[in-house]
Every structure is written in C-alpha cells, then in structure tokens.
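Asker: Here you go, final-v2.pdb (PDB, C-alpha atoms and all ligand atoms):
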```pdb
MODEL        1
ATOM      1  CA  MET A   1     277.847-214.968-113.889
ATOM      2  CA  ALA A   2     274.664-216.670-112.755
ATOM      3  CA  TYR A   3     272.773-213.603-114.019
ATOM      4  CA  GLU A   4     274.301-214.041-117.462
ATOM      5  CA  LYS A   5     273.363-217.729-117.604
ATOM      6  CA  ILE A   6     269.654-216.909-117.173
ATOM      7  CA  GLU A   7     269.730-213.871-119.444
ATOM      8  CA  ASN A   8     271.449-215.914-122.164
ATOM      9  CA  LYS A   9     268.858-218.656-121.772
ATOM     10  CA  VAL A  10     266.082-216.109-122.310
ATOM     11  CA  ARG A  11     267.827-214.540-125.302
ATOM     12  CA  ASP A  12     268.457-217.981-126.873
ATOM     13  CA  THR A  13     264.838-219.070-126.373
ATOM     14  CA  ILE A  14     263.548-215.882-128.035
ATOM     15  CA  LYS A  15     265.848-216.449-131.005
ATOM     16  CA  LYS A  16     265.447-220.211-131.349
ATOM     17  CA  TYR A  17     261.635-220.071-131.324
ATOM     18  CA  ASN A  18     261.400-216.711-133.065
ATOM     19  CA  LEU A  19     259.217-215.365-130.241
ATOM     20  CA  PHE A  20     259.663-211.704-131.238
ATOM     21  CA  SER A  21     262.199-209.262-132.600
ATOM     22  CA  LYS A  22     263.440-205.849-131.464
ATOM     23  CA  LYS A  23     260.938-204.245-133.873
ATOM     24  CA  ASP A  24     257.964-205.837-132.099
ATOM     25  CA  TYR A  25     256.025-204.087-129.371
ATOM     26  CA  VAL A  26     255.788-206.576-126.517
ATOM     27  CA  LEU A  27     253.561-206.311-123.460
ATOM     28  CA  VAL A  28     254.787-208.304-120.478
ATOM     29  CA  ALA A  29     251.895-209.770-118.471
ATOM     30  CA  CYS A  30     252.962-208.835-114.937
ATOM     31  CA  SER A  31     251.449-209.943-111.648
ATOM     32  CA  GLY A  32     253.953-208.378-109.275
ATOM     33  CA  GLY A  33     255.404-211.863-108.678
ATOM     34  CA  LYS A  34     258.993-213.039-109.151
ATOM     35  CA  ASP A  35     258.593-214.651-112.606
ATOM     36  CA  SER A  36     256.958-211.841-114.552
ATOM     37  CA  THR A  37     259.031-209.171-112.761
ATOM     38  CA  THR A  38     262.243-211.016-113.672
ATOM     39  CA  LEU A  39     261.015-211.409-117.239
ATOM     40  CA  ALA A  40     260.250-207.690-117.613
ATOM     41  CA  HIS A  41     263.662-206.828-116.171
ATOM     42  CA  ILE A  42     265.562-209.180-118.507
ATOM     43  CA  LEU A  43     263.667-208.146-121.654
ATOM     44  CA  LYS A  44     264.281-204.474-120.871
ATOM     45  CA  LYS A  45     267.962-205.227-120.234
ATOM     46  CA  LEU A  46     268.228-207.100-123.553
ATOM     47  CA  GLY A  47     266.885-204.010-125.328
ATOM     48  CA  TYR A  48     263.415-205.192-126.380
ATOM     49  CA  ASN A  49     260.569-202.733-126.888
ATOM     50  CA  ILE A  50     258.415-203.607-123.875
ATOM     51  CA  ASN A  51     255.807-202.264-121.510
ATOM     52  CA  ALA A  52     253.841-204.061-118.794
ATOM     53  CA  ILE A  53     250.187-205.002-118.434
ATOM     54  CA  THR A  54     248.579-206.328-115.275
ATOM     55  CA  ILE A  55     245.165-207.886-114.757
ATOM     56  CA  ASN A  56     244.238-207.876-111.085
ATOM     57  CA  PRO A  57     241.620-210.538-110.247
ATOM     58  CA  SER A  58     240.800-208.413-107.184
ATOM     59  CA  ILE A  59     241.485-211.266-104.779
ATOM     60  CA  LYS A  60     240.133-210.019-101.472
ATOM     61  CA  ALA A  61     241.609-212.839 -99.413
ATOM     62  CA  ARG A  62     245.063-211.983-100.652
ATOM     63  CA  GLU A  63     246.485-209.498 -98.218
ATOM     64  CA  SER A  64     249.503-209.041-100.425
ATOM     65  CA  SER A  65     247.356-208.246-103.495
ATOM     66  CA  SER A  66     247.498-204.462-103.152
ATOM     67  CA  LYS A  67     251.093-204.745-101.998
ATOM     68  CA  ASN A  68     251.847-206.632-105.243
ATOM     69  CA  ILE A  69     250.416-203.810-107.320
ATOM     70  CA  GLU A  70     252.357-201.229-105.313
ATOM     71  CA  ASN A  71     255.538-203.269-105.815
ATOM     72  CA  LEU A  72     254.860-203.570-109.523
ATOM     73  CA  ARG A  73     254.271-199.829-109.876
ATOM     74  CA  LYS A  74     257.540-199.162-108.047
ATOM     75  CA  PHE A  75     259.476-201.670-110.161
ATOM     76  CA  CYS A  76     258.047-200.303-113.436
ATOM     77  CA  LYS A  77     258.800-196.723-112.450
ATOM     78  CA  GLU A  78     262.381-197.556-111.531
ATOM     79  CA  ASN A  79     262.886-199.474-114.765
ATOM     80  CA  GLU A  80     261.126-196.910-117.001
ATOM     81  CA  ILE A  81     258.435-199.366-118.042
ATOM     82  CA  ARG A  82     254.913-198.095-118.588
ATOM     83  CA  LEU A  83     252.342-200.118-116.657
ATOM     84  CA  TYR A  84     248.767-200.650-117.899
ATOM     85  CA  GLU A  85     246.476-201.720-115.063
ATOM     86  CA  TYR A  86     243.096-203.484-115.251
ATOM     87  CA  SER A  87     241.034-205.313-112.646
ATOM     88  CA  PHE A  88     238.069-207.702-112.475
ATOM     89  CA  LYS A  89     236.335-205.266-110.130
ATOM     90  CA  GLU A  90     236.503-202.420-112.636
ATOM     91  CA  GLU A  91     235.900-204.473-115.770
ATOM     92  CA  PHE A  92     233.210-206.857-114.487
ATOM     93  CA  GLY A  93     231.950-205.074-111.363
ATOM     94  CA  HIS A  94     232.949-207.929-109.015
ATOM     95  CA  THR A  95     235.997-209.494-107.363
ATOM     96  CA  LEU A  96     236.947-213.094-108.182
ATOM     97  CA  PHE A  97     235.321-214.157-104.904
ATOM     98  CA  GLY A  98     232.140-212.240-105.830
ATOM     99  CA  ILE A  99     231.969-213.819-109.292
ATOM    100  CA  ASN A 100     232.349-217.310-107.810
ATOM    101  CA  LYS A 101     229.574-216.528-105.285
ATOM    102  CA  ILE A 102     227.127-215.297-107.957
ATOM    103  CA  LEU A 103     227.804-218.323-110.135
ATOM    104  CA  LYS A 104     227.243-220.612-107.124
ATOM    105  CA  SER A 105     223.904-218.924-106.438
ATOM    106  CA  LYS A 106     222.924-219.902-109.986
ATOM    107  CA  GLY A 107     223.941-223.523-109.438
ATOM    108  CA  ILE A 108     227.323-223.256-111.187
ATOM    109  CA  ASP A 109     230.230-224.471-109.082
ATOM    110  CA  MET A 110     233.277-223.286-110.997
ATOM    111  CA  PRO A 111     236.716-223.370-109.297
ATOM    112  CA  TYR A 112     238.344-220.006-108.614
ATOM    113  CA  CYS A 113     241.316-220.769-110.825
ATOM    114  CA  THR A 114     239.089-221.722-113.772
ATOM    115  CA  ILE A 115     237.155-218.436-113.553
ATOM    116  CA  CYS A 116     240.354-216.468-112.998
ATOM    117  CA  GLY A 117     242.165-218.130-115.933
ATOM    118  CA  ILE A 118     239.293-217.603-118.398
ATOM    119  CA  LEU A 119     238.693-213.946-117.467
ATOM    120  CA  LYS A 120     242.377-213.043-117.262
ATOM    121  CA  ARG A 121     243.080-214.508-120.728
ATOM    122  CA  TYR A 122     240.040-212.670-122.108
ATOM    123  CA  LEU A 123     241.090-209.279-120.709
ATOM    124  CA  LEU A 124     244.726-209.813-121.612
ATOM    125  CA  ASN A 125     243.848-210.394-125.261
ATOM    126  CA  LYS A 126     241.251-207.600-125.425
ATOM    127  CA  LYS A 127     243.426-204.963-123.760
ATOM    128  CA  SER A 128     246.691-205.874-125.486
ATOM    129  CA  LYS A 129     244.884-205.672-128.837
ATOM    130  CA  GLU A 130     243.587-202.211-127.921
ATOM    131  CA  LEU A 131     247.146-201.248-126.940
ATOM    132  CA  LYS A 132     248.376-202.498-130.331
ATOM    133  CA  ALA A 133     250.844-205.009-128.937
ATOM    134  CA  ASP A 134     252.483-207.435-131.367
ATOM    135  CA  LYS A 135     253.053-210.052-128.670
ATOM    136  CA  VAL A 136     252.233-210.694-125.019
ATOM    137  CA  ALA A 137     255.064-212.273-123.024
ATOM    138  CA  THR A 138     254.091-214.312-119.971
ATOM    139  CA  GLY A 139     256.297-215.377-117.054
ATOM    140  CA  HIS A 140     255.699-219.150-117.334
ATOM    141  CA  VAL A 141     258.806-221.086-116.311
ATOM    142  CA  LEU A 142     259.819-224.664-117.146
ATOM    143  CA  ASP A 143     258.163-226.065-114.023
ATOM    144  CA  ASP A 144     254.816-224.357-114.822
ATOM    145  CA  GLU A 145     254.891-225.832-118.297
ATOM    146  CA  ALA A 146     255.789-229.332-117.016
ATOM    147  CA  GLU A 147     252.769-229.082-114.668
ATOM    148  CA  SER A 148     250.495-228.082-117.571
ATOM    149  CA  VAL A 149     251.787-230.921-119.755
ATOM    150  CA  PHE A 150     251.382-233.510-116.995
ATOM    151  CA  MET A 151     247.955-232.162-116.015
ATOM    152  CA  ASN A 152     246.565-232.360-119.548
ATOM    153  CA  LEU A 153     248.132-235.757-120.035
ATOM    154  CA  LEU A 154     246.354-237.064-116.921
ATOM    155  CA  ARG A 155     243.109-235.533-118.146
ATOM    156  CA  GLY A 156     243.632-236.919-121.648
ATOM    157  CA  ASN A 157     243.123-233.420-123.056
ATOM    158  CA  ILE A 158     245.191-233.453-126.258
ATOM    159  CA  GLU A 159     243.643-230.245-127.546
ATOM    160  CA  LEU A 160     244.860-228.284-124.514
ATOM    161  CA  LEU A 161     248.267-229.968-124.863
ATOM    162  CA  SER A 162     248.467-228.672-128.441
ATOM    163  CA  ARG A 163     248.080-225.100-127.190
ATOM    164  CA  LEU A 164     251.183-225.323-124.985
ATOM    165  CA  GLY A 165     254.810-224.725-125.967
ATOM    166  CA  PRO A 166     257.012-221.593-126.124
ATOM    167  CA  ILE A 167     254.312-219.974-128.307
ATOM    168  CA  SER A 168     250.820-220.534-126.900
ATOM    169  CA  GLY A 169     247.915-221.571-129.101
ATOM    170  CA  VAL A 170     247.638-223.245-132.491
ATOM    171  CA  LYS A 171     245.680-221.109-134.946
ATOM    172  CA  LYS A 172     246.653-217.575-135.889
ATOM    173  CA  SER A 173     244.194-214.704-136.162
ATOM    174  CA  LYS A 174     244.462-210.909-136.315
ATOM    175  CA  LYS A 175     242.029-210.865-133.413
ATOM    176  CA  PHE A 176     244.399-212.780-131.231
ATOM    177  CA  VAL A 177     247.631-211.301-129.842
ATOM    178  CA  PRO A 178     250.106-214.227-129.685
ATOM    179  CA  ARG A 179     251.284-215.163-126.199
ATOM    180  CA  VAL A 180     254.891-216.243-125.812
ATOM    181  CA  LYS A 181     256.995-217.671-122.971
ATOM    182  CA  PRO A 182     260.622-216.448-122.969
ATOM    183  CA  LEU A 183     261.305-218.133-119.559
ATOM    184  CA  TYR A 184     260.329-221.525-121.033
ATOM    185  CA  PHE A 185     263.657-223.196-120.197
ATOM    186  CA  CYS A 186     264.305-221.422-116.879
ATOM    187  CA  LYS A 187     263.749-223.432-113.706
ATOM    188  CA  GLU A 188     261.706-221.852-110.919
ATOM    189  CA  GLU A 189     264.659-222.082-108.515
ATOM    190  CA  GLU A 190     266.842-220.119-110.976
ATOM    191  CA  ILE A 191     264.248-217.339-111.151
ATOM    192  CA  ILE A 192     263.886-217.219-107.356
ATOM    193  CA  SER A 193     267.634-216.862-107.003
ATOM    194  CA  TYR A 194     267.828-214.185-109.764
ATOM    195  CA  SER A 195     264.950-212.215-108.256
ATOM    196  CA  LYS A 196     266.382-212.384-104.712
ATOM    197  CA  LYS A 197     269.879-211.405-105.783
ATOM    198  CA  LYS A 198     268.478-208.456-107.724
ATOM    199  CA  LYS A 199     266.344-207.570-104.689
ATOM    200  CA  PHE A 200     263.200-207.118-106.785
ATOM    201  CA  PRO A 201     260.288-205.812-104.723
ATOM    202  CA  VAL A 202     258.179-208.973-104.973
ATOM    203  CA  ALA A 203     256.204-211.188-102.603
ATOM    204  CA  TYR A 204     257.196-214.862-102.691
ATOM    205  CA  GLU A 205     254.033-216.402-101.230
ATOM    206  CA  ARG A 206     251.534-218.002-103.566
ATOM    207  CA  CYS A 207     247.916-217.069-104.225
ATOM    208  CA  PRO A 208     245.651-218.618-101.527
ATOM    209  CA  TYR A 209     243.296-220.042-104.161
ATOM    210  CA  ALA A 210     246.135-222.043-105.731
ATOM    211  CA  LYS A 211     245.944-224.531-102.853
ATOM    212  CA  SER A 212     242.527-225.812-103.899
ATOM    213  CA  SER A 213     243.358-226.282-107.580
ATOM    214  CA  TYR A 214     244.007-229.487-109.520
ATOM    215  CA  ARG A 215     247.272-227.924-110.660
ATOM    216  CA  GLU A 216     248.410-227.911-107.029
ATOM    217  CA  ILE A 217     247.886-231.675-106.752
ATOM    218  CA  VAL A 218     249.918-232.207-109.929
ATOM    219  CA  ARG A 219     252.570-229.744-108.729
ATOM    220  CA  ASN A 220     253.010-231.643-105.460
ATOM    221  CA  GLU A 221     253.278-234.975-107.310
ATOM    222  CA  LEU A 222     255.985-233.526-109.546
ATOM    223  CA  ILE A 223     257.851-232.150-106.514
ATOM    224  CA  ASP A 224     257.812-235.715-105.135
ATOM    225  CA  PHE A 225     259.094-237.157-108.427
ATOM    226  CA  GLN A 226     261.810-234.523-108.496
ATOM    227  CA  ARG A 227     263.073-235.626-105.088
ATOM    228  CA  LYS A 228     263.888-238.949-106.757
ATOM    229  CA  ASN A 229     265.037-237.480-110.075
ATOM    230  CA  LYS A 230     265.972-233.799-110.231
ATOM    231  CA  LYS A 231     265.546-233.756-113.989
ATOM    232  CA  THR A 232     261.903-234.890-113.996
ATOM    233  CA  ASN A 233     260.430-231.583-115.194
ATOM    234  CA  GLU A 234     263.201-231.028-117.739
ATOM    235  CA  ASN A 235     262.618-234.529-119.114
ATOM    236  CA  ILE A 236     258.869-233.900-119.414
ATOM    237  CA  ILE A 237     259.569-230.752-121.463
ATOM    238  CA  LYS A 238     262.226-232.488-123.571
ATOM    239  CA  TRP A 239     259.775-235.259-124.456
ATOM    240  CA  PHE A 240     256.884-232.841-124.971
ATOM    241  CA  LEU A 241     258.800-230.629-127.412
ATOM    242  CA  GLN A 242     259.519-233.671-129.560
ATOM    243  CA  ILE A 243     255.863-234.558-129.983
ATOM    244  CA  LEU A 244     254.454-230.988-129.986
ATOM    245  CA  PRO A 245     254.884-230.186-133.734
ATOM    246  CA  ASP A 246     252.819-233.259-134.676
ATOM    247  CA  ILE A 247     250.040-232.454-132.195
ATOM    248  CA  LYS A 248     249.902-228.805-133.377
ATOM    249  CA  LYS A 249     249.670-229.940-137.022
ATOM    250  CA  GLU A 250     246.777-232.214-136.174
ATOM    251  CA  PHE A 251     244.754-229.358-134.635
ATOM    252  CA  GLU A 252     245.773-226.805-137.294
ATOM    253  CA  LYS A 253     243.994-228.954-139.857
ATOM    254  CA  GLN A 254     240.706-228.684-138.005
ATOM    255  CA  GLY A 255     239.065-225.808-139.883
ATOM    256  CA  GLU A 256     239.049-222.032-139.568
ATOM    257  CA  ILE A 257     239.105-220.206-136.274
ATOM    258  CA  SER A 258     235.636-219.047-135.136
ATOM    259  CA  PHE A 259     234.623-216.004-133.104
ATOM    260  CA  CYS A 260     232.331-215.329-130.151
ATOM    261  CA  GLU A 261     228.960-213.862-131.189
ATOM    262  CA  ILE A 262     229.045-211.388-128.299
ATOM    263  CA  CYS A 263     232.611-210.074-127.979
ATOM    264  CA  GLU A 264     233.978-211.234-131.352
ATOM    265  CA  GLU A 265     237.074-212.594-129.651
ATOM    266  CA  PRO A 266     238.390-215.960-130.942
ATOM    267  CA  SER A 267     236.328-218.828-129.540
ATOM    268  CA  LYS A 268     235.657-222.494-130.211
ATOM    269  CA  ASN A 269     231.972-222.106-129.305
ATOM    270  CA  LYS A 270     229.312-219.611-130.437
ATOM    271  CA  ILE A 271     229.680-217.824-127.085
ATOM    272  CA  CYS A 272     233.158-217.771-125.534
ATOM    273  CA  ASN A 273     233.761-218.989-121.983
ATOM    274  CA  ALA A 274     234.384-215.427-120.765
ATOM    275  CA  CYS A 275     231.104-214.042-122.186
ATOM    276  CA  SER A 276     229.285-217.044-120.827
ATOM    277  CA  ILE A 277     230.517-216.086-117.307
ATOM    278  CA  ILE A 278     230.011-212.333-117.844
ATOM    279  CA  THR A 279     226.374-212.722-118.966
ATOM    280  CA  LYS A 280     225.643-214.847-115.887
ATOM    281  CA  ILE A 281     227.019-212.307-113.410
ATOM    282  CA  ARG A 282     225.291-209.257-114.887
TER     283      ARG A 282
HETATM  284 FE1  LIG A 301     243.995-216.783-110.304
HETATM  285 FE2  LIG A 301     244.215-219.327-109.400
HETATM  286 FE3  LIG A 301     246.372-217.968-110.205
HETATM  287 FE4  LIG A 301     245.157-217.295-107.937
HETATM  288  S1  LIG A 301     246.203-219.249-108.378
HETATM  289  S2  LIG A 301     245.876-215.871-109.519
HETATM  290  S3  LIG A 301     243.018-217.667-108.490
HETATM  291  S4  LIG A 301     244.633-218.594-111.473
HETATM  292 ZN    ZN A 302     232.903-213.564-125.965
ENDMDL
END
```
I'd like the structure from this file rewritten - as structure tokens, please.
Ligand code: SF4
Ligand code: ZN
Answerer:
Amino acid sequence: MAYEKIENKVRDTIKKYNLFSKKDYVLVACSGGKDSTTLAHILKKLGYNINAITINPSIKARESSSKNIENLRKFCKENEIRLYEYSFKEEFGHTLFGINKILKSKGIDMPYCTICGILKRYLLNKKSKELKADKVATGHVLDDEAESVFMNLLRGNIELLSRLGPISGVKKSKKFVPRVKPLYFCKEEEIISYSKKKKFPVAYERCPYAKSSYREIVRNELIDFQRKNKKTNENIIKWFLQILPDIKKEFEKQGEISFCEICEEPSKNKICNACSIITKIR
C-alpha cells in the first residue's frame, strides 16, 4: 500500500507538470544512492522508456564510491536498464579532489560541491544530448528542493530560484536536454522507507564533501525547524510553487539564450563555468 502511495505520487507529478510521456526517451541520472535508484525503479515499473546515466566525480575519499557503482550496475542489470557511465577522471583527467587542488594552486578556492555541481551538470547535458535523450530525470526529493529554495532565498539569488521547480531551468534550447524531477513531492523519509523495503542495493551514508557545504548548514537549520513543525519543507514548496510562474516569466523575458564560445553548450557568459574550470586544469 505504501509502495502504491509513492508510485501514484510520482505518476501524478509527471502528469500534472507534463514532465514527459511514454513516447519520450528518458535518461535517469543515477548516483547509486536511494533517491535516483528508487526513481529508476518506479519509472521502469510505470512503463516509461528509460535508461540510466551516471557521472562519477571520482571522489577518492569516498570508500563507498566504487561500491556505489557496483551496486548501480547490479541494480540496472536486474531491472533491464542500460547504464551509461562517465567519470571526471576519464573526461577531465583528474578526480574532484585533484581538480580542487589544481585550482587552489592557481589561487582559486572553489568549494568541492561547486566544482562537482558545475562539471556534473555539464557532462550530464553533453552526454544525454549525444545519447539523444528527450529528458533527464533527476532524483531530487521535496526536502532537496526546499533546501535549494531556502538557500537561494537567503542568498537573495532570484535568478537561481527561477531555475528551480519540477522542470529545471527557464529558457528552452535544442542544445539543452530538459531536466525534470518526478520525485518533487516525495519526502526523503518516504524514499528511504521505499528503498529499504525493496532492499535496493544502495549505500545510505552521504558524500563526505557534503558536510562542508553551505547546503549542509541550510539542511541542518531546516531539520531544526521541522522538529517544531513537521510540515516546514512542504510549506516552503507550497509557497514557492505559487510564486514560481511569475519569477520564471520575469527571467524568460530577458533575451535569447547564449552559448559558450568553447563548448557551444548553453551559457550566460561567453565562456561557461565548466569550460572556465576545464581550461584552468589543463
Ligand atoms: Fe558532489 Fe558535493 Fe554532491 Fe558530493 S555532496 S556528490 S561533492 S555535489
Ligand atoms: Zn563551455
């Protein structure tokens, strides 16, 4: 019964926000963690045309990193899902730790999660375009989204707020594979329970670099708020979805989408953030 509740939530979210249809080819961005594994399982069960893609940041400090990939391979094999694998080490020649070290030696102190986020998004778009995906589905749950909303609110970053929602981003371009979040209304605790009951081969510990991120500070604050009011994160999302259409409209008006002069991927600046990092580490 509990299974059905979550599966119905996912199916309703896909329909309500028109995330994709059964004709679309969807790549699920998988990390080997509980959220993306659950997502891949549910989408397959609901009969969508999916495969999986994973971008491994090659995190040396993470003992479970190779275990995660092994788990993901096992899960995909058992569920007849094809898995496309890419890594920072193979694509950029360095691990996340190595990239951070090179940047530091050039006087650039960029947090691990910032580097990881920029390069993962870059590879995800590039590779899913090559694989001719119509959409990329990510495993973001309601609590992740509430953290992102709260974080950008505290930073006063309205532009980043406008890119959130069940469909990421604002402007559409053929060069950009839309990213969607079918677990948008699922709470983290629901996914943990689903994943444990299904006995998915996943590790439940978090990435060691997460501890030093700004997101972690916000996450802990929200956990505190939720001790006083269990519905805190749901209320943040409820409020956010009411104002989101107006914010998106505001940023849609702001001219055509531009492209990076090096990789030709969509970018706000002449050189995208990913190419700016890549040129510095080569
Ligand atoms: Fe990358 Fe940070 Fe996520 Fe770890 S917590 S996988 S470093 S974004
Ligand atoms: Zn670029």
Asker: Evaluate the PyMOL selection byres (((chain A and resi 235) around 12) and not hetatm) and record the selected residues as a count of residues only, following the chain and residue labels used in the document.
Answerer: 23
Asker: Identify, counting all atoms listed in the file, the protein, DNA and RNA residues located within 12 Å of ligand LIG 301 (chain A), and give them as a PyMOL selection string.
Answerer: chain A and resi 30-33+54-62+64-65+68+88+95-97+99-100+110-121+140+144+205-216
Asker: Hey, which of A:Lys249, A:Lys174, A:Ser87, A:Asn269 ends up closest to Ser66 (chain A)? Count only C-alpha atoms.
Answerer: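 Closest residue, counting only C-alpha atoms: A:Ser87.
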Asker: Just say which residues the PyMOL selection byres (((not hetatm)) within 9 of (chain A and resi 302)) picks in this file, as a ChimeraX atom specification.
Answerer: /A:122,259-267,270-276,278
Asker: Can you pull out the residues contacting region 39-47 of chain A? Cut-off 10 Å, using all atoms listed in the file, and skip same-chain residues under 3 positions away; I want them as an mmCIF file with C-alpha atoms, in the frame of the given file.
Answerer:
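Output file result.cif follows:
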```
data_model
loop_
_atom_site.group_PDB
_atom_site.id
_atom_site.type_symbol
_atom_site.label_atom_id
_atom_site.label_comp_id
_atom_site.auth_asym_id
_atom_site.auth_seq_id
_atom_site.Cartn_x
_atom_site.Cartn_y
_atom_site.Cartn_z
ATOM 1 C CA TYR A 3 272.773 -213.603 -114.019
ATOM 2 C CA ILE A 6 269.654 -216.909 -117.173
ATOM 3 C CA GLU A 7 269.730 -213.871 -119.444
ATOM 4 C CA ASN A 8 271.449 -215.914 -122.164
ATOM 5 C CA VAL A 10 266.082 -216.109 -122.310
ATOM 6 C CA ARG A 11 267.827 -214.540 -125.302
ATOM 7 C CA LYS A 22 263.440 -205.849 -131.464
ATOM 8 C CA VAL A 26 255.788 -206.576 -126.517
ATOM 9 C CA LEU A 27 253.561 -206.311 -123.460
ATOM 10 C CA VAL A 28 254.787 -208.304 -120.478
ATOM 11 C CA ALA A 29 251.895 -209.770 -118.471
ATOM 12 C CA CYS A 30 252.962 -208.835 -114.937
ATOM 13 C CA LYS A 34 258.993 -213.039 -109.151
ATOM 14 C CA ASP A 35 258.593 -214.651 -112.606
ATOM 15 C CA SER A 36 256.958 -211.841 -114.552
ATOM 16 C CA ILE A 50 258.415 -203.607 -123.875
ATOM 17 C CA ASN A 51 255.807 -202.264 -121.510
ATOM 18 C CA ALA A 52 253.841 -204.061 -118.794
ATOM 19 C CA PHE A 75 259.476 -201.670 -110.161
ATOM 20 C CA CYS A 76 258.047 -200.303 -113.436
ATOM 21 C CA ASN A 79 262.886 -199.474 -114.765
ATOM 22 C CA GLU A 80 261.126 -196.910 -117.001
ATOM 23 C CA ILE A 81 258.435 -199.366 -118.042
ATOM 24 C CA ALA A 137 255.064 -212.273 -123.024
ATOM 25 C CA THR A 138 254.091 -214.312 -119.971
ATOM 26 C CA GLY A 139 256.297 -215.377 -117.054
ATOM 27 C CA HIS A 140 255.699 -219.150 -117.334
ATOM 28 C CA VAL A 141 258.806 -221.086 -116.311
ATOM 29 C CA LYS A 181 256.995 -217.671 -122.971
ATOM 30 C CA PRO A 182 260.622 -216.448 -122.969
ATOM 31 C CA LEU A 183 261.305 -218.133 -119.559
ATOM 32 C CA ILE A 191 264.248 -217.339 -111.151
ATOM 33 C CA SER A 195 264.950 -212.215 -108.256
ATOM 34 C CA LYS A 198 268.478 -208.456 -107.724
ATOM 35 C CA PHE A 200 263.200 -207.118 -106.785
#
```
Asker: Considering only C-alpha atoms, can you say which of A:Glu190, A:Glu70, A:Asp12, A:Glu130 comes closest to Val177 (chain A)?
Answerer: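 Of the candidates, the smallest distance to Val177 (chain A) is held by A:Glu130.
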Asker: Would you compute the distance between CA of Ile158 (chain A) and CA of Phe251 (chain A)? Give it in Å to one decimal.
Answerer: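 Those two atoms sit 9.3 Å apart.
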Asker: Hey, can you check how far CA of Pro201 (chain A) sits from CA of Tyr48 (chain A)?
Answerer: 21.9 Å
Asker: Calculate how many Å separate CA of Pro245 (chain A) from CA of Lys129 (chain A), rounding to one decimal.
Answerer: 26.9 Å
Asker: Draw an axis-aligned box over all listed atoms of region 255-260 of chain A, pad each side with 6 Å, and write its centre and edge lengths in Å, one decimal, as JSON.
Answerer:
```
{"center_x": 235.7, "center_y": -220.6, "center_z": -135.0, "size_x": 18.8, "size_y": 22.5, "size_z": 21.7}
```
Asker: So which residues get picked by the PyMOL selection byres (((chain A and resi 252) around 12) and not hetatm) here, written as a PyMOL selection string?
Answerer: chain A and resi 159+162-163+169-172+245-251+253-257
Asker: Please identify all polymer residues within 9 Å of Lys280 (chain A), counting only C-alpha atoms, omitting same-chain residues fewer than 5 positions from it, and present them as a ChimeraX atom specification.
Answerer: /A:102-103,106,275
